[in-house]
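Student: Just passing along the structure, written as structure tokens.
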Amino acid sequence: MRFLVSLWSSVSAVLDLTCSARSLTHAGVKSIRIHENGGPEKLVFEDIPVPAPAAGEIRLRVEAAGLNFIDTYKRSGLYAVALPHTLGQEAAGVVTAVGAGVVDFRVGDRVASAAVTGACAEEALAPAAQCVPVPAGVSSQLAAAVMLQGLTAHYLACDTWPLRAGETALVHAAAGGVGLLLVQIARKRGARVLATVGTDEKAVLAREAGAEAVCVYSRENFTEAARAFTGGRGMDVVYDGVGRETFDGSIASLRPRGLLASFGNASGPVPPVAPLLLSQKGSLFLTRPTLAHYVATTAELRARAADLFAWIADGSLCVRIGATFPLARTADAHRALESRATTGKVLLLP
Ligand code: NDP
């Protein structure tokens with residue numbers, strides 16, 4: 001990994017000056033944008049104007065932006081966005097301006113959000129209602145690292161299937177950003193966790209996070225591992241952010257009336273499913289959740305974030321920052337994430 005990072009560091013950034021139509025408040029800032037969908041080579045490091053916050057928005061000076069798989073979906077076109085588009089929706093930093101009606105934050109406050117508009121920039125906007133204050137003891141890098149993936153792990157373990165002590169949970173890609181946090185939160189709730197990972201090195205991380213058993217699913221059958229883990233019964237819940245490659249095996253790993261939380265597409269989107277399949281496989285439940293619906297109100301967002309920050313403070317939640325890249329090298333960070341070379345969180349630093 002270290003070798004790859006230094007190799008990527010030698011790749012020079014593309015500079016291209018283009019301005020968007022939004023109103024200027026001062027000179028432009030560096031950003032990562034796409035003008036067309038495609039691979040990482042479509043990411044352009046360029047200046048954009050700094051927009052003024054609209055009513056209800058804050059502007060922040062980004063100190064750290066989080067890279068998430070969703071950024072690759074927006075870049076590739078799997079998730080449609082209007083072009084040109086400034087990448088990134090997770091960041092932490094310092095408030096530099098507030099729009100009309102914002103009462104919760106003032107210039108100079110440190111905030112974090114998983115709903116930033118164009119987090120891959122030196123300055124970006126976010127709805128104040130979707131921001132949380134960053135506690136004094138938490139660095140901006142740590143806050144940016146835990147927002148999107150941490151909130152996701154929180155809602156999956158606490159609400160999509162509110163894990164209870166002794167229940168069994170299969171967590172795919174357990175050494176990834178969501179995965180490492182999800183394993184820890186599941187363990188906090190007393191669940192028994194079977195983790196899947198792509199390599200032996202990742203297996204070590206999943207075990208350290210609290211997984212009772214780990215299946216290296218690149219060479220082992222995880223459905224057989226799930227049956228062995230549960231004495232043949234099947235898992236209570238499967239958390240599957242891998243998508244296309246694991247969907248069938250995930251379904252086959254569940255106990256009757258268990259739940260598949262299919263929450264991502266790292267290997268590609270899951271094809272259409274016939275509801276009858278769920279009947280045949282044991283009256284299963286299937287949900288395809290997304291974060292926005294689990295932080296729909298400011299109160300819910302802040303309650304989840306408060307849990308995460310409290311767990312970080314008491315040492316019960318460890319946030320692994322696996323790699324940092326300068327903003328100008330975001331394309332290298334995308335390549336690393338998509339080639340399964342990363343563990344934990346990947347941060348982009350303006
Ligand atoms: P990760 O850090 O977990 O990286 C993805 C991991 O998926 C890889 O490291 C790899 O782990 C595994 N993987 C398996 N097959 C592939 C493949 N063909 N290509 C690439 N990776 C593969 O990413 P994130 O934590 O950012 O996201 C994890 C998943 O969660 C994504 O699908 C994402 O879209 C989803 N997500 C969903 C949210 C929601 O609310 N619905 C919110 C946040 C994330 P390994 O090598 O161990 O297999």
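Labeling convention for the structure tokens: chains A, B, ... as they appear, residues from 1 per chain, ligands from 1 in order of appearance.
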Could you pull out the strand (DSSP E or B) residues of stretch 85-125 of chain A, going by DSSP on the backbone, and write them as a PyMOL selection string?
Tutor: chain A and resi 85-86+91-98+110-113+117+121+123-125
Student: Can you pull out the residues contacting stretch 298-311 of chain A? Cut-off 9 Å, using only C-alpha atoms, and skip same-chain residues under 3 positions away; I want them as a list in words.
Tutor: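 Everything that qualifies: Ala128, Ala129, Gln130, Cys131, Val132, Pro133, Val134, Pro135, Val138, Ala143, Val146, Met147, Gly150, Leu151, His154, Tyr155, Tyr294, Val295, Asp314, Gly315, Ser316, Leu317 and Cys318 of chain A.
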Student: Show me which residues sit within 6 Å of ligand 1 when counting only C-alpha atoms and all ligand atoms, and put them as a PyMOL selection string.
Tutor: chain A and resi 68-70+149+152+173+175-179+197-198+241-242+263-267+289-291+337-340+342-344
Student: One number please: atom CA of A:Leu327 to atom CA of A:Val29, in Å, one decimal.
Tutor: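 Rounded to one decimal, the two atoms are 11.7 Å apart.
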Student: I'd like the neighbourhood of A:Arg187 as a PyMOL selection string, where a residue qualifies if any of its atoms comes within 8 Å (using only C-alpha atoms), though same-chain residues fewer than 4 positions away should be ignored.
Tutor: chain A and resi 183+191-193+210-211
Student: Limited to C-alpha atoms, could you put the picked residues into a file as a PDB file, in the first residue's frame?
Tutor:
ATOM      1  CA  VAL A 183     -18.196  -4.535  13.029  1.00  0.00           C
ATOM      2  CA  ALA A 191     -23.932  -9.285  18.359  1.00  0.00           C
ATOM      3  CA  ARG A 192     -21.700 -12.086  17.097  1.00  0.00           C
ATOM      4  CA  VAL A 193     -20.022 -10.980  13.871  1.00  0.00           C
ATOM      5  CA  GLY A 210     -14.175  -7.469  16.995  1.00  0.00           C
ATOM      6  CA  ALA A 211     -15.215 -10.029  14.399  1.00  0.00           C
TER       7      ALA A 211
END
Student: Please provide as number ranges by chain all residues within 12 Å of A:Ile58, with the sequence filter that same-chain residues fewer than 4 positions apart are discarded (counting only C-alpha atoms).
Tutor: A: 51-54, 62, 93-113, 115-117, 123-132
Student: Please write the residues from the selection above to a file, keeping C-alpha atoms, as a PDB file, in the first residue's frame.
Tutor:
ATOM      1  CA  PRO A  51     -20.383  30.428  -3.900  1.00  0.00           C
ATOM      2  CA  ALA A  52     -22.262  32.522  -1.364  1.00  0.00           C
ATOM      3  CA  PRO A  53     -24.352  30.460   1.051  1.00  0.00           C
ATOM      4  CA  ALA A  54     -28.071  30.555   0.337  1.00  0.00           C
ATOM      5  CA  VAL A  62     -12.636  22.252   4.059  1.00  0.00           C
ATOM      6  CA  GLY A  93     -13.742  22.275   8.495  1.00  0.00           C
ATOM      7  CA  VAL A  94     -14.305  25.805   9.671  1.00  0.00           C
ATOM      8  CA  VAL A  95     -17.389  27.916   8.921  1.00  0.00           C
ATOM      9  CA  THR A  96     -16.447  30.920   6.764  1.00  0.00           C
ATOM     10  CA  ALA A  97     -19.938  32.306   6.030  1.00  0.00           C
ATOM     11  CA  VAL A  98     -23.542  31.642   7.007  1.00  0.00           C
ATOM     12  CA  GLY A  99     -26.685  32.192   4.965  1.00  0.00           C
ATOM     13  CA  ALA A 100     -29.868  33.887   6.122  1.00  0.00           C
ATOM     14  CA  GLY A 101     -31.694  32.116   8.892  1.00  0.00           C
ATOM     15  CA  VAL A 102     -28.765  30.041  10.139  1.00  0.00           C
ATOM     16  CA  VAL A 103     -28.756  30.211  13.932  1.00  0.00           C
ATOM     17  CA  ASP A 104     -26.899  27.047  14.956  1.00  0.00           C
ATOM     18  CA  PHE A 105     -23.489  28.001  13.558  1.00  0.00           C
ATOM     19  CA  ARG A 106     -21.278  31.078  13.397  1.00  0.00           C
ATOM     20  CA  VAL A 107     -18.172  31.969  11.413  1.00  0.00           C
ATOM     21  CA  GLY A 108     -15.225  30.213  13.033  1.00  0.00           C
ATOM     22  CA  ASP A 109     -17.147  27.169  14.295  1.00  0.00           C
ATOM     23  CA  ARG A 110     -15.851  23.757  13.367  1.00  0.00           C
ATOM     24  CA  VAL A 111     -18.462  21.596  11.638  1.00  0.00           C
ATOM     25  CA  ALA A 112     -18.749  18.279   9.851  1.00  0.00           C
ATOM     26  CA  SER A 113     -21.329  17.008   7.397  1.00  0.00           C
ATOM     27  CA  ALA A 115     -24.347  16.317   2.967  1.00  0.00           C
ATOM     28  CA  VAL A 116     -21.824  18.810   1.604  1.00  0.00           C
ATOM     29  CA  THR A 117     -22.284  20.144  -1.916  1.00  0.00           C
ATOM     30  CA  GLU A 123     -14.443  25.753   0.295  1.00  0.00           C
ATOM     31  CA  ALA A 124     -17.897  24.206   0.017  1.00  0.00           C
ATOM     32  CA  LEU A 125     -21.523  24.697   0.987  1.00  0.00           C
ATOM     33  CA  ALA A 126     -23.695  22.546   3.222  1.00  0.00           C
ATOM     34  CA  PRO A 127     -27.226  22.820   4.619  1.00  0.00           C
ATOM     35  CA  ALA A 128     -26.864  23.893   8.255  1.00  0.00           C
ATOM     36  CA  ALA A 129     -29.575  21.378   9.140  1.00  0.00           C
ATOM     37  CA  GLN A 130     -27.260  18.602   7.930  1.00  0.00           C
ATOM     38  CA  CYS A 131     -24.164  19.776   9.832  1.00  0.00           C
ATOM     39  CA  VAL A 132     -22.963  18.811  13.270  1.00  0.00           C
TER      40      VAL A 132
END
Student: Which is closest to A:Thr330 among A:Leu180, A:Val204, A:Ile32, A:Leu278, if we use only C-alpha atoms?
Tutor: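 Selected residue with least distance to A:Thr330: A:Ile32.
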Student: Excluding A:Leu194 and any residue of its chain fewer than 6 positions from it, enumerate the residues within 6 Å of it, using only C-alpha atoms, and give them as a list in words.
Tutor: Leu170, Ala211, Ala213 and Val214 of chain A
Student: If you measure from atom CA of A:Val237 to atom CA of A:Leu260, what distance in Å do you get, rounded to one decimal?
Tutor: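 Atom CA of A:Val237 sits 5.8 Å away from atom CA of A:Leu260.
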Student: When you look at A:Thr199 with a cut-off of 10 Å (counting only C-alpha atoms), what residues show up, excluding the ones that are within fewer than 6 positions of it in the same chain? I need them as number ranges by chain.
Tutor: A: 175, 215-219, 340-341
Student: Pick the closest to A:Ala80 from A:Gly38, A:Val238, A:Arg255, A:Leu347: which is it, counting only C-alpha atoms?
Tutor: A:Gly38
Student: Kindly indicate which residue among A:Gly258, A:Val319, A:Phe45, A:Gly39 lies nearest to A:Ser279, using only C-alpha atoms for the distances.
Tutor: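 Result for the nearest residue to A:Ser279: A:Gly258.
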Student: What is the atom CA of A:Glu46 to atom CA of A:Asp332 distance in Å?
Tutor: 16.0 Å
Student: In terms of the shortest atom-to-atom distance over only C-alpha atoms, which of A:Leu348, A:Leu60, A:Ala296, A:Val273 is closest to A:Gly88?
Tutor: A:Leu348
Student: Measuring between only C-alpha atoms, which one of A:Ser253, A:Thr246, A:Thr168, A:Thr324 shows the shortest distance to A:Glu212?
Tutor: A:Thr168
